[in-house]
Amino acid sequence: QVRLVESGGGLVQPGGSLRLSCTASAAPSDYETIGWFRQAPGKEREGIACVSSLYEHIYYRESVKGRFTISRDNSKNTVYLQMTNLKPEDTAVYYCARSSLKCFGPTLLSGPRNFGSWGQGTQVTVSS
């Protein structure tokens with residue numbers, strides 16, 4: 001089974017930037033969607049961005065559009081989440097996960113149920 005490992009979290013001031021990485025233990029053998037999720041204390045885990053294996057599809061939650069950019073380097077089996085203009089409300093544990101479903105709104109926004117192979121998460125804290 002493919003394992004995913006997230007990295008790149010940390011403490012950043014409001015308005016700052018971070019780049020998260022999600023590295024897979026193997027390359028996809030078929031169409032695959034990698035999604036980034038986040039979970040703030042006391043809140044449900046929410047999908048924020050996804051990308052398909054060959055960039056056929058990309059989707060963002062409305063609240064992060066224009067601030068977050070998802071990308072992937074298939075030579076490194078890694079998906080990135082570049083986060084800019086960070087806000088205190090972006091504070092959460094960030095996770096990546098895999099799905100065989102198409103990367104688009106209904107897959108990502110319906111919650112974690114469409115995804116598996118979850119990583120351990122990386123903490124992002126936005127505070128002055």
# chains A, B, ... in the order shown; residues from 1 in each chain; ligands from 1
>>> residues_around(residues="A:Lys65", least_positions_apart="4", cutoff="10 Å", atoms="only C-alpha atoms", output="list of chain:residue names")
A:Ile48, A:Ala49, A:Tyr59, A:Tyr60, A:Arg61, A:Thr69
>>> residues_around(residues="A:Leu18", least_positions_apart="3", cutoff="12 Å", atoms="only C-alpha atoms", output="list in words")
Ser7, Gly8, Gly9, Gly10, Leu11, Val12, Gln13, Pro14, Gly15, Ser21, Arg67, Phe68, Thr69, Tyr80, Leu81, Gln82, Met83, Thr84, Asn85, Leu86, Lys87, Asp90, Thr91, Tyr94, Thr122, Gln123, Val124, Thr125 and Val126 of chain A
>>> closest_atom_pairs(of="stretch 89-121 of chain A", to="stretch 24-43 of chain A", cutoff="9 Å", atoms="only C-alpha atoms", output="CSV")
residue,atom,partner,partner_atom,distance
A:Glu89,CA,A:Ala40,CA,8.5
A:Asp90,CA,A:Ala40,CA,8.1
A:Thr91,CA,A:Ala40,CA,6.4
A:Ala92,CA,A:Ala40,CA,4.2
A:Val93,CA,A:Gln39,CA,5.3
A:Tyr94,CA,A:Arg38,CA,4.3
A:Tyr95,CA,A:Phe37,CA,5.1
A:Cys96,CA,A:Trp36,CA,4.5
A:Ala97,CA,A:Gly35,CA,5.4
A:Arg98,CA,A:Ile34,CA,4.7
A:Ser99,CA,A:Thr33,CA,5.1
A:Ser100,CA,A:Glu32,CA,5.0
A:Leu101,CA,A:Thr33,CA,6.6
A:Lys102,CA,A:Thr33,CA,6.5
A:Cys103,CA,A:Thr33,CA,5.6
A:Leu108,CA,A:Gly35,CA,7.1
A:Gly111,CA,A:Phe37,CA,8.7
A:Pro112,CA,A:Phe37,CA,8.0
A:Phe115,CA,A:Gly35,CA,7.9
A:Gly121,CA,A:Arg38,CA,8.6
>>> write_last_selection(atoms="N, CA and C atoms", output="mmCIF file, in the first residue's frame")
data_model
loop_
_atom_site.group_PDB
_atom_site.id
_atom_site.type_symbol
_atom_site.label_atom_id
_atom_site.label_comp_id
_atom_site.auth_asym_id
_atom_site.auth_seq_id
_atom_site.Cartn_x
_atom_site.Cartn_y
_atom_site.Cartn_z
ATOM 1 N N GLU A 89 -6.817 31.975 10.647
ATOM 2 C CA GLU A 89 -7.813 30.921 10.445
ATOM 3 C C GLU A 89 -7.297 29.765 9.585
ATOM 4 N N ASP A 90 -6.112 29.895 9.035
ATOM 5 C CA ASP A 90 -5.489 28.776 8.318
ATOM 6 C C ASP A 90 -4.781 27.821 9.273
ATOM 7 N N THR A 91 -4.720 28.174 10.543
ATOM 8 C CA THR A 91 -4.084 27.315 11.532
ATOM 9 C C THR A 91 -4.818 25.986 11.631
ATOM 10 N N ALA A 92 -4.075 24.892 11.443
ATOM 11 C CA ALA A 92 -4.674 23.556 11.431
ATOM 12 C C ALA A 92 -3.563 22.528 11.255
ATOM 13 N N VAL A 93 -3.940 21.268 11.417
ATOM 14 C CA VAL A 93 -3.077 20.178 10.975
ATOM 15 C C VAL A 93 -3.447 19.890 9.522
ATOM 16 N N TYR A 94 -2.435 19.855 8.675
ATOM 17 C CA TYR A 94 -2.649 19.643 7.243
ATOM 18 C C TYR A 94 -2.267 18.204 6.879
ATOM 19 N N TYR A 95 -3.151 17.568 6.125
ATOM 20 C CA TYR A 95 -2.971 16.183 5.720
ATOM 21 C C TYR A 95 -3.049 16.063 4.198
ATOM 22 N N CYS A 96 -2.386 15.057 3.667
ATOM 23 C CA CYS A 96 -2.624 14.688 2.278
ATOM 24 C C CYS A 96 -3.169 13.253 2.239
ATOM 25 N N ALA A 97 -3.860 12.943 1.156
ATOM 26 C CA ALA A 97 -4.487 11.635 1.015
ATOM 27 C C ALA A 97 -4.727 11.355 -0.460
ATOM 28 N N ARG A 98 -5.009 10.098 -0.778
ATOM 29 C CA ARG A 98 -5.180 9.658 -2.155
ATOM 30 C C ARG A 98 -6.606 9.227 -2.428
ATOM 31 N N SER A 99 -7.002 9.379 -3.693
ATOM 32 C CA SER A 99 -8.295 8.887 -4.133
ATOM 33 C C SER A 99 -8.174 8.440 -5.587
ATOM 34 N N SER A 100 -9.012 7.476 -5.957
ATOM 35 C CA SER A 100 -9.080 7.071 -7.361
ATOM 36 C C SER A 100 -10.145 7.864 -8.120
ATOM 37 N N LEU A 101 -10.876 8.701 -7.398
ATOM 38 C CA LEU A 101 -11.938 9.487 -8.010
ATOM 39 C C LEU A 101 -11.375 10.737 -8.666
ATOM 40 N N LYS A 102 -12.154 11.310 -9.548
ATOM 41 C CA LYS A 102 -11.770 12.526 -10.248
ATOM 42 C C LYS A 102 -11.563 13.667 -9.264
ATOM 43 N N CYS A 103 -10.531 14.461 -9.507
ATOM 44 C CA CYS A 103 -10.285 15.653 -8.697
ATOM 45 C C CYS A 103 -11.240 16.747 -9.151
ATOM 46 N N LEU A 108 -13.711 16.357 -3.535
ATOM 47 C CA LEU A 108 -12.938 16.996 -2.477
ATOM 48 C C LEU A 108 -13.808 17.539 -1.360
ATOM 49 N N GLY A 111 -15.733 15.703 1.886
ATOM 50 C CA GLY A 111 -15.058 15.292 3.113
ATOM 51 C C GLY A 111 -14.070 14.177 2.875
ATOM 52 N N PRO A 112 -13.518 13.653 3.956
ATOM 53 C CA PRO A 112 -12.444 12.663 3.843
ATOM 54 C C PRO A 112 -12.879 11.301 3.324
ATOM 55 N N PHE A 115 -11.250 9.507 0.312
ATOM 56 C CA PHE A 115 -9.794 9.443 0.281
ATOM 57 C C PHE A 115 -9.258 8.408 1.259
ATOM 58 N N GLY A 121 0.108 13.992 8.964
ATOM 59 C CA GLY A 121 -0.238 15.391 9.160
ATOM 60 C C GLY A 121 0.962 16.234 9.535
#
>>> residues_around(residues="A:Phe104", least_positions_apart="6", cutoff="8 Å", atoms="only C-alpha atoms", output="PDB file with all heavy atoms, in the first residue's frame")
ATOM      1  N   CYS A  50      -6.939  19.771  -4.599  1.00  0.00           N
ATOM      2  CA  CYS A  50      -6.556  18.459  -5.128  1.00  0.00           C
ATOM      3  C   CYS A  50      -5.975  18.625  -6.526  1.00  0.00           C
ATOM      4  O   CYS A  50      -6.219  19.634  -7.206  1.00  0.00           O
ATOM      5  CB  CYS A  50      -7.714  17.468  -5.122  1.00  0.00           C
ATOM      6  SG  CYS A  50      -9.116  17.887  -6.175  1.00  0.00           S
ATOM      7  N   HIS A  57      -6.675  17.531 -13.858  1.00  0.00           N
ATOM      8  CA  HIS A  57      -7.666  18.255 -13.084  1.00  0.00           C
ATOM      9  C   HIS A  57      -7.025  18.848 -11.837  1.00  0.00           C
ATOM     10  O   HIS A  57      -6.196  18.216 -11.192  1.00  0.00           O
ATOM     11  CB  HIS A  57      -8.819  17.323 -12.663  1.00  0.00           C
ATOM     12  CG  HIS A  57      -9.455  16.589 -13.797  1.00  0.00           C
ATOM     13  ND1 HIS A  57      -9.255  15.240 -14.018  1.00  0.00           N
ATOM     14  CD2 HIS A  57     -10.259  17.028 -14.796  1.00  0.00           C
ATOM     15  CE1 HIS A  57      -9.931  14.879 -15.097  1.00  0.00           C
ATOM     16  NE2 HIS A  57     -10.542  15.931 -15.583  1.00  0.00           N
ATOM     17  N   ILE A  58      -7.454  20.082 -11.500  1.00  0.00           N
ATOM     18  CA  ILE A  58      -7.065  20.755 -10.264  1.00  0.00           C
ATOM     19  C   ILE A  58      -8.312  21.420  -9.708  1.00  0.00           C
ATOM     20  O   ILE A  58      -9.141  21.935 -10.473  1.00  0.00           O
ATOM     21  CB  ILE A  58      -5.964  21.808 -10.510  1.00  0.00           C
ATOM     22  CG1 ILE A  58      -4.643  21.131 -10.875  1.00  0.00           C
ATOM     23  CG2 ILE A  58      -5.762  22.685  -9.282  1.00  0.00           C
ATOM     24  CD1 ILE A  58      -3.516  22.108 -11.174  1.00  0.00           C
ATOM     25  N   TYR A  59      -8.420  21.406  -8.391  1.00  0.00           N
ATOM     26  CA  TYR A  59      -9.590  22.037  -7.780  1.00  0.00           C
ATOM     27  C   TYR A  59      -9.186  22.653  -6.452  1.00  0.00           C
ATOM     28  O   TYR A  59      -8.369  22.084  -5.724  1.00  0.00           O
ATOM     29  CB  TYR A  59     -10.705  21.007  -7.560  1.00  0.00           C
ATOM     30  CG  TYR A  59     -11.989  21.626  -7.071  1.00  0.00           C
ATOM     31  CD1 TYR A  59     -12.924  22.131  -7.966  1.00  0.00           C
ATOM     32  CD2 TYR A  59     -12.250  21.746  -5.703  1.00  0.00           C
ATOM     33  CE1 TYR A  59     -14.079  22.732  -7.526  1.00  0.00           C
ATOM     34  CE2 TYR A  59     -13.405  22.345  -5.258  1.00  0.00           C
ATOM     35  CZ  TYR A  59     -14.319  22.831  -6.174  1.00  0.00           C
ATOM     36  OH  TYR A  59     -15.479  23.426  -5.747  1.00  0.00           O
TER      37      TYR A  59
END
>>> select_by_dssp(residues="chain A", states="strand (DSSP E or B)", output="PyMOL selection string")
chain A and resi 4-7+10-12+18-24+33-39+46-52+58-60+68-73+78-83+92-99+116+122-126
>>> select_by_dssp(residues="chain A", states="helix (DSSP H, G or I)", output="PyMOL selection string")
chain A and resi 62-64+88-90+105-109+112-114
>>> write_last_selection(atoms="C-alpha atoms", output="compact mmCIF listing (two decimals), in the first residue's frame")
# COMPACT_ATOMS: atom_id res chain seq x y z
CA GLU A 62 -13.15 28.78 -2.42
CA SER A 63 -11.59 30.00 0.82
CA VAL A 64 -8.05 29.29 -0.39
CA PRO A 88 -4.80 32.90 11.62
CA GLU A 89 -7.81 30.92 10.45
CA ASP A 90 -5.49 28.78 8.32
CA GLY A 105 -15.61 19.64 -6.18
CA PRO A 106 -17.87 16.72 -5.33
CA THR A 107 -14.86 14.50 -4.59
CA LEU A 108 -12.94 17.00 -2.48
CA LEU A 109 -15.68 18.90 -0.71
CA PRO A 112 -12.44 12.66 3.84
CA ARG A 113 -14.62 9.65 2.96
CA ASN A 114 -13.47 9.58 -0.67
>>> atom_distance(atom1="atom CA of A:Gly116", atom2="atom CA of A:Gly47")
12.8 Å
>>> atom_distance(atom1="atom CA of A:Asp73", atom2="atom CA of A:Arg45")
25.4 Å
>>> closest_residue(among="A:Cys22, A:Ser117, A:Ser110, A:Val51", to="A:Lys76", atoms="only C-alpha atoms")
A:Cys22
>>> atom_distance(atom1="atom CA of A:Tyr55", atom2="atom CA of A:Asn74")
10.2 Å
